[in-house]
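Shown next, in structure tokens, is the structure this report addresses.
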Amino acid sequence: MQSDATINAGNANQSTLPAHVSTVQTAATGERLHGLDALRAGALLLGMLLHASISFLPGATFFWMVSDDQKTQLLGPVFFVIHMFRMPLFFMLAGYFAHLVLQKKGWAGFIKDRLKRITLPLLLGWPVIFAAIVAAIVLAAWVRNGGSLPQKSPPPPAFTADSFPLAHLWFLYMLTLLYVIYLGLWAVCRQLGILPQMRRCADWLMPVMSGWLGPMLLALPVALALFYTPYWVSWFGVPTPDQSLYPGRAAWVSFGMAFGFGWMLQQSPATLPRWQQRWRWHLGLALLMSAICLYLGGLVPRLVPAVHDESKLIFAWLYAAAAWHFCFGLTGVALSCMRQANTRVRYLADASYWIYLVHLPLVMALQALVSRSEWHWAIKLAAVLLGTLAVALLSYHYLVRFTWIGKHLNGPRPARARGI
């Protein structure tokens, strides 16, 4: 997942150019867009904060494996907002980089690359990660029961297509499905000789969909999908396919659209400079819409399905529009702030994929260990985050970065160098 962000051909001295000109030349010349690398890493690492915060949310005992003795409403908006934009942003960037890989390597190279970096980690990593999650759940039950295991345990998953615990690795499964669909569509269009017409159509659509009103337009299909989702618990946004091999309609529409938009974005280098110029406007609207959604939905989780009336549609539209404004605004600010290479940020971006793969059982185990202590919730949260990050980074540095695992996840690297 690390070395996709290289664009096509030439060198320019960007340090003397305005930011928006610099991005146009970078997108057209083949130099790495460091901001997009950092943004994708940030989307992955925010997942660690998201999962670490859940045990401290009021009502966590009803929707999470670990429920801390201390609860706080302050983390409700943090979870709500991160969950709102993180996966649409990630899938948009995934579509962008997927199209780039297809252009660079062709369809055969694309298939080989995605199988190695996405599908193989899913197939080989899921059994290990799932076993570690089960161990963390057992530890949580042991702590909760005062140092002994309860006599009754919850029933295991059925391991059927309708009940399959993909856990946080569902994003790899969803990516694999989207690769198959989009590569198939690309192959059909190429076979029919209509790729130039499709590109012209994308060239016509992108200025509209990436413009001032783009987030509101892109939000409509997502809002309708959420509106027609039965028993939709609106506070938790788009239902993720983490417990089934059948992604729901809302997941297909939200994440599939984000992936497709990113796919077209790669063909529209003029879009990124525009987002750089107006990122404040997009982020301002995103925060305003998020605040309205929190006002309507509450600051803490509400586990009741939304009433099927016009208020449900309004909430869904505002929620989806805020997510798209975040996607536009965060992309713009990332490109503005990360125009030059940074060794430490590059290292963390490389490590972020591994960190996300292994973080969940670590987070759950640490949540369980601190759940009955009398520490303040902020100290507990910091301990969970720092402990998880330390273990994940150390394992990446010594067991992954220059090994065959790192080669499969991030591509081949030069020989081990001094320092990081």
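Here, A, B, ... name the chains of the structure tokens in the order displayed, residue numbers run from 1 inside each chain, and ligands are numbered from 1 in the same displayed order.
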Quick one: everything within 9 Å of Phe171 (chain A), counting only C-alpha atoms, minus sequence neighbours fewer than 5 positions away in the same chain. Send it as a list in words.
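Here the qualifying residues turn out to be Met87, Phe91, Leu166, Thr176, Thr240, Pro241 and Asp242 of chain A.
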Same residues, N, CA and C atoms, saved as a PDB file, in the first residue's frame:
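See selection.pdb below for the written result:
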ATOM      1  N   MET A  87     -13.773   6.305   6.382  1.00  0.00           N
ATOM      2  CA  MET A  87     -13.798   5.283   5.347  1.00  0.00           C
ATOM      3  C   MET A  87     -14.140   5.836   3.960  1.00  0.00           C
ATOM      4  N   PHE A  91     -11.551   5.136   0.919  1.00  0.00           N
ATOM      5  CA  PHE A  91     -11.929   4.497  -0.353  1.00  0.00           C
ATOM      6  C   PHE A  91     -11.748   5.445  -1.524  1.00  0.00           C
ATOM      7  N   LEU A 166     -15.561 -10.653   9.738  1.00  0.00           N
ATOM      8  CA  LEU A 166     -14.411 -10.041   9.076  1.00  0.00           C
ATOM      9  C   LEU A 166     -13.698  -9.041   9.977  1.00  0.00           C
ATOM     10  N   THR A 176     -11.215  -5.693  -2.414  1.00  0.00           N
ATOM     11  CA  THR A 176     -11.074  -6.776  -3.392  1.00  0.00           C
ATOM     12  C   THR A 176     -12.289  -6.829  -4.311  1.00  0.00           C
ATOM     13  N   THR A 240     -21.101  -0.868   8.288  1.00  0.00           N
ATOM     14  CA  THR A 240     -19.959  -1.502   7.639  1.00  0.00           C
ATOM     15  C   THR A 240     -20.156  -3.021   7.588  1.00  0.00           C
ATOM     16  N   PRO A 241     -19.687  -3.665   6.535  1.00  0.00           N
ATOM     17  CA  PRO A 241     -19.873  -5.118   6.392  1.00  0.00           C
ATOM     18  C   PRO A 241     -18.828  -5.912   7.165  1.00  0.00           C
ATOM     19  N   ASP A 242     -18.785  -5.708   8.482  1.00  0.00           N
ATOM     20  CA  ASP A 242     -17.770  -6.383   9.285  1.00  0.00           C
ATOM     21  C   ASP A 242     -18.228  -7.723   9.828  1.00  0.00           C
TER      22      ASP A 242
END
Contacts of Leu50 (chain A) at 9 Å (only C-alpha atoms; same-chain gap of 4+ positions) as a VMD selection string:
chain A and resid 45 to 46 54 78 to 80 82 to 83
Write out as JSON lines the residues of region 290-336 of chain A that have any atom within 8 Å of an atom of region 34-44 of chain A, one row each with the nearest atom pair and its distance in Å to one decimal, counting only C-alpha atoms, sorted by chain and then rising number.
{"residue": "A:Leu330", "atom": "CA", "partner": "A:Leu39", "partner_atom": "CA", "distance": 7.7}
{"residue": "A:Thr331", "atom": "CA", "partner": "A:Leu36", "partner_atom": "CA", "distance": 7.0}
{"residue": "A:Ala334", "atom": "CA", "partner": "A:Gly35", "partner_atom": "CA", "distance": 4.7}
{"residue": "A:Leu335", "atom": "CA", "partner": "A:Gly35", "partner_atom": "CA", "distance": 4.4}
{"residue": "A:Ser336", "atom": "CA", "partner": "A:Gly35", "partner_atom": "CA", "distance": 7.5}
Ile133 (chain A) environment, 8 Å, only C-alpha atoms, sequence neighbours closer than 4 positions dropped, as a list in words:
Ile129, Ile137, Leu360, Pro361 and Met364 of chain A
Resulting file, chosen residues, N, CA, C and O atoms, as a short mmCIF file (atom, residue, chain, number, x, y, z; two decimals), in the first residue's frame:
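See part08.cif below for the written result:
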data_model
loop_
_atom_site.label_atom_id
_atom_site.label_comp_id
_atom_site.auth_asym_id
_atom_site.auth_seq_id
_atom_site.Cartn_x
_atom_site.Cartn_y
_atom_site.Cartn_z
N ILE A 129 -5.39 -12.71 12.97
CA ILE A 129 -6.01 -11.56 13.63
C ILE A 129 -7.26 -11.99 14.38
O ILE A 129 -7.51 -11.56 15.52
N ILE A 137 -10.94 -11.01 23.64
CA ILE A 137 -12.30 -11.10 24.19
C ILE A 137 -12.30 -11.98 25.44
O ILE A 137 -12.96 -11.67 26.44
N LEU A 360 -6.27 -3.92 16.25
CA LEU A 360 -7.52 -4.15 16.97
C LEU A 360 -7.38 -5.09 18.18
O LEU A 360 -7.84 -4.74 19.28
N PRO A 361 -6.77 -6.27 18.04
CA PRO A 361 -6.62 -7.10 19.25
C PRO A 361 -5.75 -6.45 20.31
O PRO A 361 -5.98 -6.64 21.52
N MET A 364 -8.02 -3.92 22.08
CA MET A 364 -8.99 -4.59 22.94
C MET A 364 -8.32 -5.15 24.20
O MET A 364 -8.88 -5.04 25.31
#
Once DSSP has gone over the backbone, tell me which residues of region 105-248 of chain A are in alpha helix (DSSP H), as an MDAnalysis selection string.
chainID A and resid 105:114 120:144 170:192 195:209 214:227
Could the residues in this selection be saved with C-alpha atoms as a compact mmCIF listing (two decimals), in the first residue's frame?
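The resulting file, again.txt, is shown below:
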# COMPACT_ATOMS: atom_id res chain seq x y z
CA LYS A 105 1.37 -1.67 -14.65
CA GLY A 106 -1.43 -2.67 -17.00
CA TRP A 107 -4.21 -5.07 -16.12
CA ALA A 108 -1.95 -8.09 -15.49
CA GLY A 109 0.40 -6.10 -13.27
CA PHE A 110 -2.59 -4.53 -11.51
CA ILE A 111 -4.08 -7.93 -10.66
CA LYS A 112 -0.75 -9.25 -9.39
CA ASP A 113 -0.11 -6.13 -7.32
CA ARG A 114 -3.55 -6.01 -5.70
CA LEU A 120 -3.30 -12.13 0.23
CA PRO A 121 -3.00 -10.17 3.51
CA LEU A 122 -6.74 -10.70 3.97
CA LEU A 123 -6.56 -14.46 3.38
CA LEU A 124 -3.40 -15.04 5.42
CA GLY A 125 -3.90 -12.38 8.05
CA TRP A 126 -7.54 -12.88 8.95
CA PRO A 127 -7.12 -16.25 10.79
CA VAL A 128 -4.26 -14.86 12.89
CA ILE A 129 -6.01 -11.56 13.63
CA PHE A 130 -9.30 -13.29 14.43
CA ALA A 131 -7.57 -15.69 16.84
CA ALA A 132 -5.93 -12.69 18.55
CA ILE A 133 -9.30 -10.93 18.80
CA VAL A 134 -10.83 -14.03 20.41
CA ALA A 135 -7.96 -14.09 22.90
CA ALA A 136 -8.59 -10.40 23.70
CA ILE A 137 -12.30 -11.10 24.19
CA VAL A 138 -11.44 -13.95 26.60
CA LEU A 139 -9.10 -11.61 28.49
CA ALA A 140 -11.86 -8.99 28.70
CA ALA A 141 -14.30 -11.57 30.05
CA TRP A 142 -11.71 -12.72 32.61
CA VAL A 143 -11.14 -9.16 33.83
CA ARG A 144 -14.83 -8.36 33.88
CA TRP A 170 -13.66 -5.93 6.08
CA PHE A 171 -12.04 -3.03 4.21
CA LEU A 172 -9.66 -5.46 2.47
CA TYR A 173 -12.61 -7.64 1.46
CA MET A 174 -14.53 -4.62 0.17
CA LEU A 175 -11.50 -3.38 -1.74
CA THR A 176 -11.07 -6.78 -3.39
CA LEU A 177 -14.69 -6.73 -4.56
CA LEU A 178 -14.35 -3.18 -5.87
CA TYR A 179 -11.15 -4.03 -7.73
CA VAL A 180 -12.95 -6.89 -9.48
CA ILE A 181 -15.90 -4.68 -10.42
CA TYR A 182 -13.95 -1.66 -11.64
CA LEU A 183 -11.33 -3.69 -13.46
CA GLY A 184 -14.14 -5.64 -15.13
CA LEU A 185 -15.87 -2.43 -16.21
CA TRP A 186 -12.58 -1.02 -17.47
CA ALA A 187 -11.90 -4.21 -19.46
CA VAL A 188 -15.38 -4.19 -21.01
CA CYS A 189 -15.09 -0.53 -21.99
CA ARG A 190 -11.65 -1.17 -23.44
CA GLN A 191 -12.91 -4.17 -25.40
CA LEU A 192 -15.80 -2.12 -26.78
CA LEU A 195 -12.64 4.17 -23.08
CA PRO A 196 -12.02 7.57 -24.76
CA GLN A 197 -15.74 8.38 -24.54
CA MET A 198 -15.81 7.32 -20.88
CA ARG A 199 -12.82 9.57 -20.16
CA ARG A 200 -14.54 12.50 -21.86
CA CYS A 201 -17.64 11.83 -19.78
CA ALA A 202 -15.51 11.81 -16.62
CA ASP A 203 -13.81 15.04 -17.77
CA TRP A 204 -17.26 16.63 -18.07
CA LEU A 205 -18.54 15.29 -14.74
CA MET A 206 -15.54 15.99 -12.51
CA PRO A 207 -15.70 19.83 -12.55
CA VAL A 208 -19.32 19.55 -11.39
CA MET A 209 -18.89 16.74 -8.86
CA GLY A 214 -20.22 18.54 -5.40
CA PRO A 215 -20.53 17.20 -1.83
CA MET A 216 -24.26 17.93 -1.77
CA LEU A 217 -24.77 16.11 -5.07
CA LEU A 218 -22.57 13.15 -4.17
CA ALA A 219 -24.44 12.85 -0.88
CA LEU A 220 -27.83 12.23 -2.50
CA PRO A 221 -27.33 8.55 -3.51
CA VAL A 222 -25.76 7.79 -0.11
CA ALA A 223 -28.62 9.53 1.70
CA LEU A 224 -31.21 7.53 -0.24
CA ALA A 225 -29.37 4.27 0.46
CA LEU A 226 -29.28 5.07 4.19
CA PHE A 227 -32.91 6.20 4.17
Surrounding residues of region 381-397 of chain A excluding itself and chain neighbours under 5 positions, 9 Å, only C-alpha atoms, as a count of residues only:
25
Have a look at A:Phe261, A:Trp377, A:Phe315, A:Phe255 and name the one nearest to Phe85 (chain A); count only C-alpha atoms.
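Using only C-alpha atoms, the shortest distance to Phe85 (chain A) belongs to A:Phe255.
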